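Shown below: work-v6.txt, with compact mmCIF, N, CA and C atoms.
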# COMPACT_ATOMS: atom_id res chain seq x y z
N MET A 29 -4.41 3.17 -28.60
CA MET A 29 -3.66 2.58 -27.51
C MET A 29 -4.01 3.31 -26.20
N ILE A 30 -4.22 2.55 -25.16
CA ILE A 30 -4.56 3.11 -23.86
C ILE A 30 -3.27 3.41 -23.11
N SER A 31 -3.18 4.59 -22.55
CA SER A 31 -2.02 4.98 -21.77
C SER A 31 -2.28 4.63 -20.30
N ALA A 32 -1.36 3.90 -19.71
CA ALA A 32 -1.49 3.52 -18.32
C ALA A 32 -0.68 4.47 -17.45
N ASP A 33 -1.26 4.92 -16.37
CA ASP A 33 -0.59 5.83 -15.44
C ASP A 33 0.27 5.01 -14.48
N ARG A 34 1.57 5.02 -14.70
CA ARG A 34 2.50 4.21 -13.93
C ARG A 34 2.40 4.49 -12.44
N ASN A 35 2.39 5.75 -12.04
CA ASN A 35 2.34 6.10 -10.62
C ASN A 35 1.06 5.60 -9.97
N PHE A 36 -0.07 5.76 -10.66
CA PHE A 36 -1.35 5.28 -10.12
C PHE A 36 -1.32 3.77 -9.92
N ILE A 37 -0.83 3.06 -10.94
CA ILE A 37 -0.80 1.60 -10.86
C ILE A 37 0.18 1.12 -9.79
N LEU A 38 1.36 1.74 -9.72
CA LEU A 38 2.34 1.34 -8.72
C LEU A 38 1.83 1.62 -7.31
N THR A 39 1.19 2.76 -7.13
CA THR A 39 0.61 3.09 -5.82
C THR A 39 -0.48 2.08 -5.46
N GLY A 40 -1.32 1.74 -6.42
CA GLY A 40 -2.36 0.73 -6.19
C GLY A 40 -1.77 -0.62 -5.85
N LEU A 41 -0.70 -0.99 -6.53
CA LEU A 41 -0.04 -2.26 -6.24
C LEU A 41 0.51 -2.26 -4.82
N HIS A 42 1.15 -1.18 -4.42
CA HIS A 42 1.65 -1.06 -3.04
C HIS A 42 0.51 -1.18 -2.03
N LYS A 43 -0.60 -0.49 -2.29
CA LYS A 43 -1.73 -0.52 -1.35
C LYS A 43 -2.33 -1.92 -1.24
N THR A 44 -2.45 -2.61 -2.37
CA THR A 44 -3.04 -3.95 -2.31
C THR A 44 -2.10 -4.94 -1.63
N LEU A 45 -0.81 -4.77 -1.85
CA LEU A 45 0.15 -5.62 -1.14
C LEU A 45 0.12 -5.32 0.36
N ALA A 46 0.00 -4.05 0.71
CA ALA A 46 -0.09 -3.67 2.12
C ALA A 46 -1.31 -4.32 2.77
N ALA A 47 -2.42 -4.33 2.06
CA ALA A 47 -3.64 -4.94 2.59
C ALA A 47 -3.44 -6.44 2.80
N LEU A 48 -2.68 -7.07 1.93
CA LEU A 48 -2.44 -8.51 2.07
C LEU A 48 -1.39 -8.82 3.13
N ALA A 49 -0.53 -7.87 3.45
CA ALA A 49 0.58 -8.12 4.36
C ALA A 49 0.23 -7.93 5.83
N VAL A 50 -0.79 -7.16 6.12
CA VAL A 50 -1.14 -6.89 7.52
C VAL A 50 -1.89 -8.08 8.13
N PRO A 51 -1.97 -8.13 9.46
CA PRO A 51 -2.74 -9.21 10.09
C PRO A 51 -4.16 -9.29 9.51
N GLY A 52 -4.70 -10.48 9.50
CA GLY A 52 -5.99 -10.73 8.87
C GLY A 52 -7.11 -9.80 9.27
N GLU A 53 -7.20 -9.51 10.57
CA GLU A 53 -8.27 -8.62 11.03
C GLU A 53 -8.16 -7.25 10.37
N GLU A 54 -6.93 -6.77 10.24
CA GLU A 54 -6.70 -5.48 9.58
C GLU A 54 -6.96 -5.57 8.09
N ALA A 55 -6.52 -6.65 7.49
CA ALA A 55 -6.69 -6.83 6.05
C ALA A 55 -8.15 -6.73 5.65
N LEU A 56 -9.02 -7.31 6.45
CA LEU A 56 -10.45 -7.30 6.13
C LEU A 56 -11.02 -5.89 6.10
N LEU A 57 -10.40 -4.97 6.82
CA LEU A 57 -10.87 -3.59 6.84
C LEU A 57 -10.62 -2.88 5.50
N TYR A 58 -9.74 -3.41 4.68
CA TYR A 58 -9.45 -2.82 3.37
C TYR A 58 -10.55 -3.11 2.36
N ALA A 59 -11.39 -4.09 2.64
CA ALA A 59 -12.46 -4.47 1.71
C ALA A 59 -13.80 -3.97 2.25
N PRO A 60 -14.72 -3.66 1.35
CA PRO A 60 -16.03 -3.14 1.78
C PRO A 60 -16.79 -4.13 2.66
N ALA A 61 -17.36 -3.62 3.73
CA ALA A 61 -18.22 -4.45 4.58
C ALA A 61 -19.37 -4.98 3.74
N GLY A 62 -19.75 -6.19 3.99
CA GLY A 62 -20.85 -6.79 3.26
C GLY A 62 -20.43 -7.45 1.95
N SER A 63 -19.16 -7.29 1.59
CA SER A 63 -18.66 -7.92 0.36
C SER A 63 -18.00 -9.24 0.72
N ALA A 64 -17.64 -9.99 -0.29
CA ALA A 64 -16.82 -11.18 -0.08
C ALA A 64 -15.39 -10.66 0.08
N ARG A 65 -15.05 -10.30 1.30
CA ARG A 65 -13.84 -9.52 1.54
C ARG A 65 -12.55 -10.23 1.13
N ALA A 66 -12.47 -11.53 1.34
CA ALA A 66 -11.28 -12.26 0.91
C ALA A 66 -11.12 -12.15 -0.60
N ASP A 67 -12.22 -12.33 -1.31
CA ASP A 67 -12.20 -12.19 -2.77
C ASP A 67 -11.77 -10.79 -3.18
N GLU A 68 -12.30 -9.79 -2.51
CA GLU A 68 -11.98 -8.40 -2.85
C GLU A 68 -10.48 -8.12 -2.68
N LEU A 69 -9.90 -8.63 -1.60
CA LEU A 69 -8.47 -8.45 -1.38
C LEU A 69 -7.66 -9.05 -2.51
N ALA A 70 -8.02 -10.27 -2.89
CA ALA A 70 -7.29 -10.96 -3.95
C ALA A 70 -7.51 -10.30 -5.31
N LEU A 71 -8.74 -9.91 -5.59
CA LEU A 71 -9.04 -9.29 -6.89
C LEU A 71 -8.37 -7.92 -7.04
N ASP A 72 -8.36 -7.14 -5.96
CA ASP A 72 -7.69 -5.84 -6.02
C ASP A 72 -6.21 -6.03 -6.34
N PHE A 73 -5.57 -6.97 -5.65
CA PHE A 73 -4.17 -7.25 -5.93
C PHE A 73 -3.99 -7.71 -7.37
N GLU A 74 -4.80 -8.65 -7.79
CA GLU A 74 -4.67 -9.18 -9.15
C GLU A 74 -4.80 -8.08 -10.21
N ASN A 75 -5.74 -7.19 -10.02
CA ASN A 75 -5.94 -6.12 -10.99
C ASN A 75 -4.70 -5.23 -11.10
N PHE A 76 -4.16 -4.79 -9.97
CA PHE A 76 -3.00 -3.90 -10.01
C PHE A 76 -1.73 -4.64 -10.42
N ALA A 77 -1.57 -5.88 -9.97
CA ALA A 77 -0.39 -6.65 -10.36
C ALA A 77 -0.39 -6.90 -11.87
N THR A 78 -1.54 -7.28 -12.40
CA THR A 78 -1.64 -7.52 -13.83
C THR A 78 -1.38 -6.25 -14.63
N ALA A 79 -1.95 -5.15 -14.17
CA ALA A 79 -1.75 -3.87 -14.87
C ALA A 79 -0.28 -3.47 -14.85
N PHE A 80 0.37 -3.63 -13.69
CA PHE A 80 1.77 -3.22 -13.62
C PHE A 80 2.66 -4.15 -14.44
N LEU A 81 2.47 -5.44 -14.29
CA LEU A 81 3.29 -6.39 -15.04
C LEU A 81 3.07 -6.27 -16.55
N SER A 82 1.86 -5.97 -16.95
CA SER A 82 1.55 -5.83 -18.38
C SER A 82 2.17 -4.59 -19.00
N ASN A 83 2.29 -3.54 -18.21
CA ASN A 83 2.76 -2.26 -18.74
C ASN A 83 4.19 -1.90 -18.37
N TYR A 84 4.64 -2.34 -17.19
CA TYR A 84 5.92 -1.86 -16.68
C TYR A 84 6.82 -2.98 -16.17
N SER A 85 6.64 -4.16 -16.66
CA SER A 85 7.44 -5.29 -16.21
C SER A 85 8.94 -5.02 -16.38
N ALA A 86 9.30 -4.30 -17.42
CA ALA A 86 10.71 -4.00 -17.68
C ALA A 86 11.32 -3.12 -16.59
N ASP A 87 10.49 -2.45 -15.80
CA ASP A 87 10.98 -1.59 -14.72
C ASP A 87 11.37 -2.39 -13.48
N LEU A 88 11.05 -3.67 -13.46
CA LEU A 88 11.27 -4.51 -12.28
C LEU A 88 12.54 -5.33 -12.41
N SER A 89 13.19 -5.55 -11.28
CA SER A 89 14.27 -6.53 -11.25
C SER A 89 13.62 -7.92 -11.28
N GLU A 90 14.40 -8.92 -11.55
CA GLU A 90 13.87 -10.29 -11.54
C GLU A 90 13.33 -10.64 -10.15
N GLU A 91 14.02 -10.17 -9.12
CA GLU A 91 13.60 -10.45 -7.75
C GLU A 91 12.24 -9.79 -7.44
N GLN A 92 12.06 -8.56 -7.89
CA GLN A 92 10.79 -7.86 -7.68
C GLN A 92 9.65 -8.56 -8.43
N ARG A 93 9.90 -8.90 -9.68
CA ARG A 93 8.88 -9.57 -10.49
C ARG A 93 8.51 -10.91 -9.85
N SER A 94 9.52 -11.63 -9.41
CA SER A 94 9.29 -12.93 -8.78
C SER A 94 8.46 -12.79 -7.50
N ALA A 95 8.72 -11.75 -6.72
CA ALA A 95 7.97 -11.53 -5.48
C ALA A 95 6.49 -11.28 -5.76
N ILE A 96 6.21 -10.47 -6.78
CA ILE A 96 4.81 -10.21 -7.17
C ILE A 96 4.17 -11.49 -7.66
N GLU A 97 4.89 -12.23 -8.49
CA GLU A 97 4.35 -13.48 -9.03
C GLU A 97 4.13 -14.52 -7.94
N THR A 98 4.95 -14.49 -6.90
CA THR A 98 4.76 -15.43 -5.79
C THR A 98 3.44 -15.17 -5.08
N VAL A 99 3.15 -13.90 -4.81
CA VAL A 99 1.86 -13.57 -4.19
C VAL A 99 0.72 -14.03 -5.09
N ASP A 100 0.83 -13.73 -6.36
CA ASP A 100 -0.21 -14.13 -7.32
C ASP A 100 -0.38 -15.65 -7.36
N ARG A 101 0.72 -16.36 -7.36
CA ARG A 101 0.68 -17.83 -7.41
C ARG A 101 0.04 -18.39 -6.14
N LEU A 102 0.38 -17.83 -4.98
CA LEU A 102 -0.22 -18.31 -3.73
C LEU A 102 -1.73 -18.11 -3.73
N LEU A 103 -2.16 -16.92 -4.14
CA LEU A 103 -3.61 -16.66 -4.19
C LEU A 103 -4.28 -17.56 -5.23
N GLY A 104 -3.63 -17.73 -6.36
CA GLY A 104 -4.19 -18.60 -7.40
C GLY A 104 -4.32 -20.05 -6.95
N SER A 105 -3.36 -20.50 -6.15
CA SER A 105 -3.40 -21.90 -5.68
C SER A 105 -4.54 -22.13 -4.69
N MET A 106 -5.12 -21.05 -4.21
CA MET A 106 -6.22 -21.15 -3.26
C MET A 106 -7.58 -21.11 -3.95
N SER A 107 -7.58 -20.95 -5.27
CA SER A 107 -8.84 -20.83 -6.02
C SER A 107 -9.52 -22.17 -6.20
N GLY A 108 -10.75 -22.09 -6.64
CA GLY A 108 -11.51 -23.29 -6.97
C GLY A 108 -12.50 -23.68 -5.90
N THR A 109 -13.49 -24.43 -6.32
CA THR A 109 -14.57 -24.81 -5.42
C THR A 109 -14.10 -25.70 -4.27
N THR A 110 -13.01 -26.43 -4.48
CA THR A 110 -12.51 -27.28 -3.39
C THR A 110 -11.85 -26.47 -2.29
N ASN A 111 -11.60 -25.20 -2.56
CA ASN A 111 -10.95 -24.33 -1.58
C ASN A 111 -11.86 -23.23 -1.04
N GLU A 112 -13.15 -23.43 -1.13
CA GLU A 112 -14.09 -22.39 -0.68
C GLU A 112 -13.84 -21.97 0.76
N ALA A 113 -13.41 -22.88 1.60
CA ALA A 113 -13.19 -22.57 3.02
C ALA A 113 -12.06 -21.56 3.21
N LEU A 114 -11.22 -21.37 2.21
CA LEU A 114 -10.12 -20.41 2.32
C LEU A 114 -10.56 -18.98 2.04
N TRP A 115 -11.80 -18.81 1.60
CA TRP A 115 -12.27 -17.49 1.16
C TRP A 115 -13.29 -16.89 2.12
N THR A 116 -13.13 -17.19 3.38
CA THR A 116 -13.99 -16.63 4.43
C THR A 116 -13.18 -15.62 5.25
N ASP A 117 -13.88 -14.79 5.98
CA ASP A 117 -13.20 -13.85 6.87
C ASP A 117 -12.35 -14.60 7.89
N ALA A 118 -12.89 -15.68 8.43
CA ALA A 118 -12.15 -16.46 9.43
C ALA A 118 -10.85 -17.01 8.85
N ALA A 119 -10.89 -17.46 7.61
CA ALA A 119 -9.68 -17.98 6.97
C ALA A 119 -8.64 -16.88 6.78
N VAL A 120 -9.09 -15.71 6.36
CA VAL A 120 -8.15 -14.59 6.19
C VAL A 120 -7.44 -14.30 7.51
N ILE A 121 -8.17 -14.42 8.59
CA ILE A 121 -7.61 -14.10 9.91
C ILE A 121 -6.61 -15.15 10.38
N ASP A 122 -6.93 -16.44 10.21
CA ASP A 122 -6.05 -17.41 10.87
C ASP A 122 -5.64 -18.64 10.07
N HIS A 123 -6.00 -18.74 8.81
CA HIS A 123 -5.59 -19.93 8.05
C HIS A 123 -4.12 -19.81 7.64
N PRO A 124 -3.36 -20.91 7.75
CA PRO A 124 -1.94 -20.89 7.37
C PRO A 124 -1.68 -20.45 5.92
N ARG A 125 -2.60 -20.73 5.02
CA ARG A 125 -2.39 -20.31 3.62
C ARG A 125 -2.40 -18.79 3.51
N TRP A 126 -3.28 -18.12 4.28
CA TRP A 126 -3.30 -16.65 4.26
C TRP A 126 -2.06 -16.10 4.97
N LYS A 127 -1.53 -16.82 5.92
CA LYS A 127 -0.28 -16.39 6.56
C LYS A 127 0.86 -16.42 5.54
N GLU A 128 0.86 -17.42 4.67
CA GLU A 128 1.86 -17.48 3.59
C GLU A 128 1.71 -16.28 2.65
N VAL A 129 0.47 -15.93 2.34
CA VAL A 129 0.21 -14.76 1.49
C VAL A 129 0.74 -13.51 2.16
N ARG A 130 0.48 -13.36 3.47
CA ARG A 130 0.96 -12.18 4.21
C ARG A 130 2.49 -12.07 4.15
N GLN A 131 3.16 -13.19 4.36
CA GLN A 131 4.62 -13.18 4.33
C GLN A 131 5.14 -12.82 2.93
N ALA A 132 4.56 -13.40 1.91
CA ALA A 132 4.99 -13.11 0.53
C ALA A 132 4.70 -11.66 0.17
N ALA A 133 3.57 -11.14 0.61
CA ALA A 133 3.23 -9.74 0.32
C ALA A 133 4.20 -8.80 1.02
N ALA A 134 4.62 -9.14 2.23
CA ALA A 134 5.58 -8.31 2.96
C ALA A 134 6.92 -8.27 2.23
N VAL A 135 7.35 -9.39 1.70
CA VAL A 135 8.59 -9.44 0.92
C VAL A 135 8.46 -8.57 -0.32
N ALA A 136 7.34 -8.70 -1.02
CA ALA A 136 7.12 -7.91 -2.24
C ALA A 136 7.13 -6.42 -1.94
N ILE A 137 6.49 -6.01 -0.85
CA ILE A 137 6.47 -4.60 -0.47
C ILE A 137 7.89 -4.10 -0.24
N GLN A 138 8.66 -4.86 0.49
CA GLN A 138 10.04 -4.46 0.79
C GLN A 138 10.83 -4.30 -0.51
N LEU A 139 10.70 -5.23 -1.41
CA LEU A 139 11.45 -5.16 -2.67
C LEU A 139 10.97 -4.01 -3.55
N LEU A 140 9.66 -3.77 -3.56
CA LEU A 140 9.12 -2.69 -4.39
C LEU A 140 9.40 -1.32 -3.80
N SER A 141 9.70 -1.27 -2.52
CA SER A 141 9.98 0.03 -1.89
C SER A 141 11.23 0.66 -2.50
N GLU A 142 12.02 -0.13 -3.18
CA GLU A 142 13.21 0.37 -3.85
C GLU A 142 12.87 1.20 -5.10
N MET A 143 11.62 1.05 -5.58
CA MET A 143 11.19 1.77 -6.77
C MET A 143 10.59 3.11 -6.40
N ALA A 144 10.81 4.08 -7.20
CA ALA A 144 10.14 5.37 -7.02
C ALA A 144 8.79 5.32 -7.69
N ALA A 145 7.79 5.84 -7.00
CA ALA A 145 6.43 5.85 -7.56
C ALA A 145 6.36 6.86 -8.68
Take the structure I supplied and represent it as structure tokens, if you would.
Amino acid sequence: MISADRNFILTGLHKTLAALAVPGEEALLYAPAGSARADELALDFENFATAFLSNYSADLSEEQRSAIETVDRLLGSMSGTTNEALWTDAAVIDHPRWKEVRQAAAVAIQLLSEMAA
């Protein structure tokens, strides 16, 4: 059985939510230059959210879990080849769907701030 480091995962989840919550221009700075930065932002969040929910879901209130799942659902709804235009730097900066992600991430951060790392 693999032991998951709760503090590491929770800190990573906070950082990825922070990257999603800031204005688009700032958010892009969290991803490596030359990468598909929108994808990197979403994948980083997905990795930490999945790890935390898989290992420590019982530590969350229903409201906290729902906030994380809302961010995940919003990003997931943007997937697919018909939504390629949502995965550009320009979209991260000013598309309304990314604004929804920013708002949901800000709510999740606020709710998770109640947890000790």
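Between atom N of Leu57 in chain A and CA of Phe73 in chain A lies a distance of 14.4 Å.
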Can you tell me which residues surround range 123-136 of chain A at a distance of at most 5 Å, considering only N, CA and C atoms, apart from same-chain residues fewer than 6 positions away, and format the answer as a count of residues only? 3
Give the helix (DSSP H, G or I) residues of range 44-118 of chain A, as assigned by DSSP on the backbone, as a PyMOL selection string. chain A and resi 44-49+52-57+65-87+90-105+109-115+117-118
Edge lengths and centre in Å, axis-aligned, range 116-124 of chain A plus 8 Å each side, as lines of an AutoDock Vina configuration file:
center_x = -7.8
center_y = -17.4
center_z = 7.1
size_x = 28.3
size_y = 23.1
size_z = 23.5
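Distance-wise, atom N of Leu38 in chain A and CA of Phe76 in chain A end up 7.1 Å apart.
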Taken to one decimal, the atom C of Glu53 in chain A-CA of Gln92 in chain A distance is 26.2 Å
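Using only N, CA and C atoms, the smallest distance between any of A:Arg93, A:Ala66, A:Arg101, A:Gly40 and Ala119 in chain A comes from A:Ala66.
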Compile the contact shell of Asp117 in chain A as a PyMOL selection string: residues with an atom at most 10 Å away, counting only C-alpha atoms, same-chain residues fewer than 3 positions apart removed. chain A and resi 52-53+55-56+64-67+113-114+120-123
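The shortest atom-to-atom distance to Met143 in chain A, with all atoms listed in the file taken into account, belongs to A:Asp87 out of A:Asp87, A:Glu97, A:Glu54, A:Glu112.
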For the point (-2.1, -0.4, -19.1) in file coordinates, what residues are within 8 Å, counting all atoms listed in the file? Give the answer as a PyMOL selection string? chain A and resi 30-34+78-80+82-84
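Among A:Val99, A:Ala77, A:Leu69, A:Ala59, the residue with the shortest atom-to-atom distance to Leu41 in chain A, counting all atoms listed in the file, is A:Ala77.
Nearest residue to Ala70 in chain A among A:Thr98, A:Trp115, A:Glu90, A:Phe36 is A:Trp115, counting only C-alpha atoms.
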